[in-house]
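Participant: Next up is a structure, given as structure tokens.
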Amino acid sequence: MKDKNHNRGNAKPPRYAQQFILFFLKRELAEEVLGDLDEQFYTVLQHKTLSAARRDYWFQTFNYLRPFAVKNLSSPSSNYSVMYKNYFKVGLRNLFRNKGFSLINIGGLTVGMAVAMLIGLWIHDEFSFNKSHDNYKQMAQFVQSQNKDGIKYTHEAVPFPLGNEIRNKYGSYFKHVVMSSWFNGYILGYEDKKLQKVGAYMEKDAPQLLSLKLLAGDENGLTSPNSIMISQSTAKAFFGLEDPIGKFMTIDNESAVAVTGVYEDFPFTSHFKNVHWLSTWDLYIAENSWIRAQQQNPNWNNNSFQCFAEIVESTNFKEVNQKVINAKYDNLDEASKYLKSEIILHPMRDWHLRANWENGINKGGFIQYVWLFGIIGLFVLILACINFMNLSTASAEKRAKEVGVRKSLGSLRSQLISQFLTESFLLVVLAFLFAVLIVFFTIPSFNQLADKQMSFPLLEPTFWLISLGFISLTGFLAGSYPALYLSSFEAVKVLKGTFLAKKSATSFRKMLVVLQFTVSVSLIIGTIVVNKQIQYSKNRPIGYDNNGVVIIEGLGNDYRNKYHVIKDELKKSGTVVEMAESSSPLTDIWNTLDGFSWEGMNANFKPYLATIWVTHDFGKTIGWEIKEGRDFSRDLRTDSTAFIINEAAAKYMNLPDPVGKVVRWEGGEHEIIGVVKDMIMISPFEAVNPAVYMISYFRNNNWMELKLNPERSTTEALATIEETMLIHAPDVPFEYKFADELYAQKFKTEERIRKLSSIFAILAIFISCLGLFGLASYMASQRKKEIGIRKVLGASVFNLWKLLSQEFVILVLVSCVLAIPIAYYGLNNWLANYEYRTEISWWFFALACLGALIITLLTVSYQSMKSALSNPVDSLKSE
Amino acid sequence: MKETRLGEFEEVILLLVGILDDEAYAFKITDEFKAQSGRKVSIGSIHSTLSRLEKKGFLESEMGTPSAIRGGRRKRIYSISPLGKQVLAASRDFKMSLWKQYPPFNLDNLQYG
């Protein structure tokens, strides 16, 4: 208190505030205002602290920033503002006088900016994946690399005991370790309402690990076994406005669970976006006898689970990876050590963009496309800026007289520079506004194309800051050259008419055209090859007939043992021709197992085979082709243990004549009765997996395949199927997929790249053509007199056209020569990703070059024909 | 065209100038306004209103005597001009007539002067 009083004695108003107010305040007001503020200051000081009084002084100071009190700062230099108004006026007049030219100029820049913005947003979105999770930097998933035929394969599937092993032995490195089931669809039920929802069974730390945004309940929601936490949208679907907490739901119409929490749906960019409910690990174990067996007798060889973890902040992934690498290997029995299993943490930040593994090492992934498109976007933008510069200088001569007049009337060079900079800013801002409009309206279709949910960041200050920086940069870069160049004209020469533009600028421009066309031609070649690759793999025989095949997932146990009844009913009604069940969907393989052996097998060979359980009618339903031997037959009881293998398996097993051979597996003997043609089940770009098909009516037959009767209409057939299904399994929501549509989805990524690269190629060509057009018109205007004289001396139109066009043809040919090796290199690398790939043949390059050449000639001919047809009198009379 | 209407805030300030009489300068008016209305306001906003009222011709002003607490600076003392008085009276009468037309308030008993 004493100190304060002591200070008060000689307290003075803040000096900087006084200086500040004197800086902006009208001089005539200074005395009264400062007096008032002093009085205010000392009055406040009587009741409050010194700092409060100072704060108040500043507050009062800022409150004097009002029109009536502020100096007219621009008044001493009002000439400037008048001049700037004039620059704008002249700039706009110029814009409207050369409508076509302005359109090209602004249009090119607009397109370039719009492309750059869209790509920028896209890249931003790609990098924002999973960032909504609070522990984004610490979270990871355990993956494992295993040796198979000498190559390490990496996958997310880990064995059951891993979670406990990590917790017990390496617990100090981890905040949370959570074992999880796969994210699969189950039937959720509440009273009479049944819906299929994707969800997962996880250990109790899941709410913290996934940083669930809880709307109801707490983070201990997965502590007692019969609990379920549901997403907001799921809660809405089941309970509407009711409070879901404590209500009992069912999973697959069997397990009863109480709702213990509601969480905000995961965002679209989250790895867990489809996970609409979480139930407990204990329930998962209790409901599945095969997992109970693993719990009682730890099985390190069955990789059927996922495991997520969050490391403590004091460590890093590199360190932890070194520790946990042998977490599985150390526990393997001698017979399995050959697998050389390695446990690796795959950090969350890499899940989306770096998910490819090659021989146990992370080899990037989608990030390649992100960089590729980033570079393309940057190139398109640079091309657009270069064009803008080119076109601005090309129109310079038209402005030369104006510069002369301004100079002779006393304009300084700096004033002319600012005039031309103002004009270029005007154009850039216009282009930017158009670009924003374009982006705003194309975002929905772009979202569809790129499978995104982006929105235009209208309210993001960062976006506007970047845009502002970008506008200034482009405006300055694009405007500086013309501004310096134009303002350097000598008034006397310009007005006398003896002015000649410098030649040196031309070769620079030619280089730019070469650059532009190199990019464009590479993009054209790229588009052709991507198209070809997709076409090639689409034409690949899939080995069966997926036309009119409907796939239904047999959710829960309600379909168990009803196969024959349903099949007979549907066949009798003429709805389906045939129906089968299988353990994997037609377009995937769910089990790849080992332990197969046969006579004559190399003792060191540890074969893995895709294992698919089917019913007798599987082959007939999907129309597989028997190459050797025969199909399964109901009449032969021995067929219940028989194997049918595919061609790839015959080769893999090194059995030239497999029919009749006996394979030992899981303690039984299985005779190979047939070989079928390879069927593409996983990827149309890779070799077909060696597979074995066997009969089962019980084990994991999760999928039903129905071949529709081609004589019936599809909608009618589906209605009948739904009716039949609902009679036999009333509690299972009816959902179906078409096999051919499922198969087509395998091309999704490639299709997307095809579309994006086509669009970018077209835009790059468009922008390049604008540049070419600008250059052509510039050249034509430079050689106006020359053409006039040639014409007078008898040159034909064709001669002149050839003269003006050949230069550009040469430029484009140079670009082609440069583009071919670049494109070849890049595409070879891209195609190397695909095992089943098309060849790059010479005609791709020829086609692209020819296309570029034709476009060039069309663009240039407009200008060259115009000047070749012009009347020489017009160009020569001024001399 | 000169703006001659009187806003609510302006009316209050005009009245305060009249009330404070010789002490009617920006700081005092601000102080008085805060005390009487309980609303927070900066000197700047009062000052801007004062200068607007002066421009409209409702106020007149002259520089007063210097004082020590103001660091030897003079203050600008405002007073209501004849036009300002007219406008104030007109505003009061207009409002009174409105009040009288509004039945729930029995204003006939109230005395003004």
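Every chain in the structure tokens has a letter given in the order shown (A, B, ...), and although residue numbers restart at 1 in each chain, ligands are simply numbered from 1 in the order shown.
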With a cut-off of 7 Å and counting only C-alpha atoms, select all residues of chain A in contact with chain B and give the selection as a PyMOL selection string.
Facilitator: chain A and resi 31-32+35-36+38-40+60+63-64+68
Participant: From the DSSP assignment of the backbone, select every residue of stretch 25-103 of chain B that is strand (DSSP E or B), and format the answer as an MDAnalysis selection string.
Facilitator: chainID B and resid 59:63 67 73 76:80
Participant: Residues within 9 Å of A:Thr393, please, as a VMD selection string. Count only C-alpha atoms; anything in the same chain fewer than 5 positions from it doesn't count.
Facilitator: chain A and resid 388 481 to 483 485 to 486 778
Participant: Rounded to one decimal place, report the atom CA of A:Ala200-atom CA of A:Phe183 distance in Å.
Facilitator: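 Between atom CA of A:Ala200 and atom CA of A:Phe183 the gap works out to 5.1 Å.
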Participant: Could you pull the residues within 12 Å of A:Asn253, counting only C-alpha atoms, minus those fewer than 6 positions along the same chain, as a list in words?
Facilitator: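 Close residues of A:Asn253: Tyr186, Ile187, Leu188, Gly189, Tyr190, Glu191, Asp192, Lys193, Lys194, Leu195, Gln196, Leu555, Gly556, Asn557, Asp558, Tyr559, Ala729, Pro730, Asp731, Val732 and Pro733 of chain A.
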Participant: Those residues you just picked out, can you put them in a file as a PDB file, in the first residue's frame with C-alpha atoms?
Facilitator:
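Output below, filename selection24.pdb:
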ATOM      1  CA  TYR A 186     -23.333 -55.918 -36.695  1.00  0.00           C
ATOM      2  CA  ILE A 187     -27.055 -55.717 -36.141  1.00  0.00           C
ATOM      3  CA  LEU A 188     -27.852 -53.296 -33.368  1.00  0.00           C
ATOM      4  CA  GLY A 189     -31.313 -53.543 -31.917  1.00  0.00           C
ATOM      5  CA  TYR A 190     -33.482 -51.575 -29.543  1.00  0.00           C
ATOM      6  CA  GLU A 191     -36.930 -52.956 -28.955  1.00  0.00           C
ATOM      7  CA  ASP A 192     -38.280 -53.594 -32.479  1.00  0.00           C
ATOM      8  CA  LYS A 193     -35.825 -51.404 -34.287  1.00  0.00           C
ATOM      9  CA  LYS A 194     -32.900 -53.148 -35.992  1.00  0.00           C
ATOM     10  CA  LEU A 195     -30.124 -51.427 -37.907  1.00  0.00           C
ATOM     11  CA  GLN A 196     -26.834 -52.565 -39.326  1.00  0.00           C
ATOM     12  CA  LEU A 555     -25.153 -60.939 -40.198  1.00  0.00           C
ATOM     13  CA  GLY A 556     -25.549 -62.542 -36.800  1.00  0.00           C
ATOM     14  CA  ASN A 557     -26.740 -66.082 -36.260  1.00  0.00           C
ATOM     15  CA  ASP A 558     -30.276 -65.699 -37.550  1.00  0.00           C
ATOM     16  CA  TYR A 559     -29.394 -67.166 -40.940  1.00  0.00           C
ATOM     17  CA  ALA A 729     -34.581 -63.750 -40.292  1.00  0.00           C
ATOM     18  CA  PRO A 730     -37.013 -61.030 -39.257  1.00  0.00           C
ATOM     19  CA  ASP A 731     -34.529 -59.302 -36.990  1.00  0.00           C
ATOM     20  CA  VAL A 732     -31.859 -58.787 -39.634  1.00  0.00           C
ATOM     21  CA  PRO A 733     -32.084 -55.578 -41.662  1.00  0.00           C
TER      22      PRO A 733
END
Participant: With only C-alpha atoms as the atoms that count, which of B:Asp93, B:Glu10, B:Glu32, B:Asp22 lies nearest to B:Tyr78?
Facilitator: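 Of B:Asp93, B:Glu10, B:Glu32, B:Asp22, the one nearest B:Tyr78, counting only C-alpha atoms, is B:Asp22.
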Participant: Could you tell me how far atom CA of A:Gln419 lies from atom CA of A:Ala435, in Å and to one decimal?
Facilitator: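 Distance between the two atoms: 24.3 Å.
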Participant: I need the residue nearest A:Lys802 from this list: A:Ser487, A:Met229, A:Gln863, A:Val817. Use only C-alpha atoms for the distance.
Facilitator: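 Of all the options, A:Gln863 lies closest to A:Lys802.
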Participant: Under the rule that only C-alpha atoms are counted, which of A:Met725, A:Met681, A:Val812, A:Ile552 is the nearest residue to A:Cys849?
Facilitator: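 That would be A:Val812, the residue with the smallest distance to A:Cys849.
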Participant: DSSP on the backbone, then: every residue of stretch 14-77 of chain B marked alpha helix (DSSP H), written as a PyMOL selection string.
Facilitator: chain B and resi 14-20+26-37+43-56
Participant: Excluding same-chain residues fewer than 5 positions from B:Ile80, what lies within 8 Å of it counting only C-alpha atoms, as a PyMOL selection string?
Facilitator: chain B and resi 14+17-18+58-60+85
Participant: Pick out the residues sitting within 12 Å of A:Val177, and hand them over as number ranges by chain; count only C-alpha atoms, and ignore anything fewer than 6 positions along from it in its own chain.
Facilitator: A: 138-142, 162-168, 170-171, 202-210, 306-312, 345
Participant: Between A:Leu222, A:Leu421, A:Val549, A:Leu811, which has the minimum distance to A:Leu742 (counting only C-alpha atoms)?
Facilitator: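 For A:Leu742, the nearest of the given residues is A:Val549.
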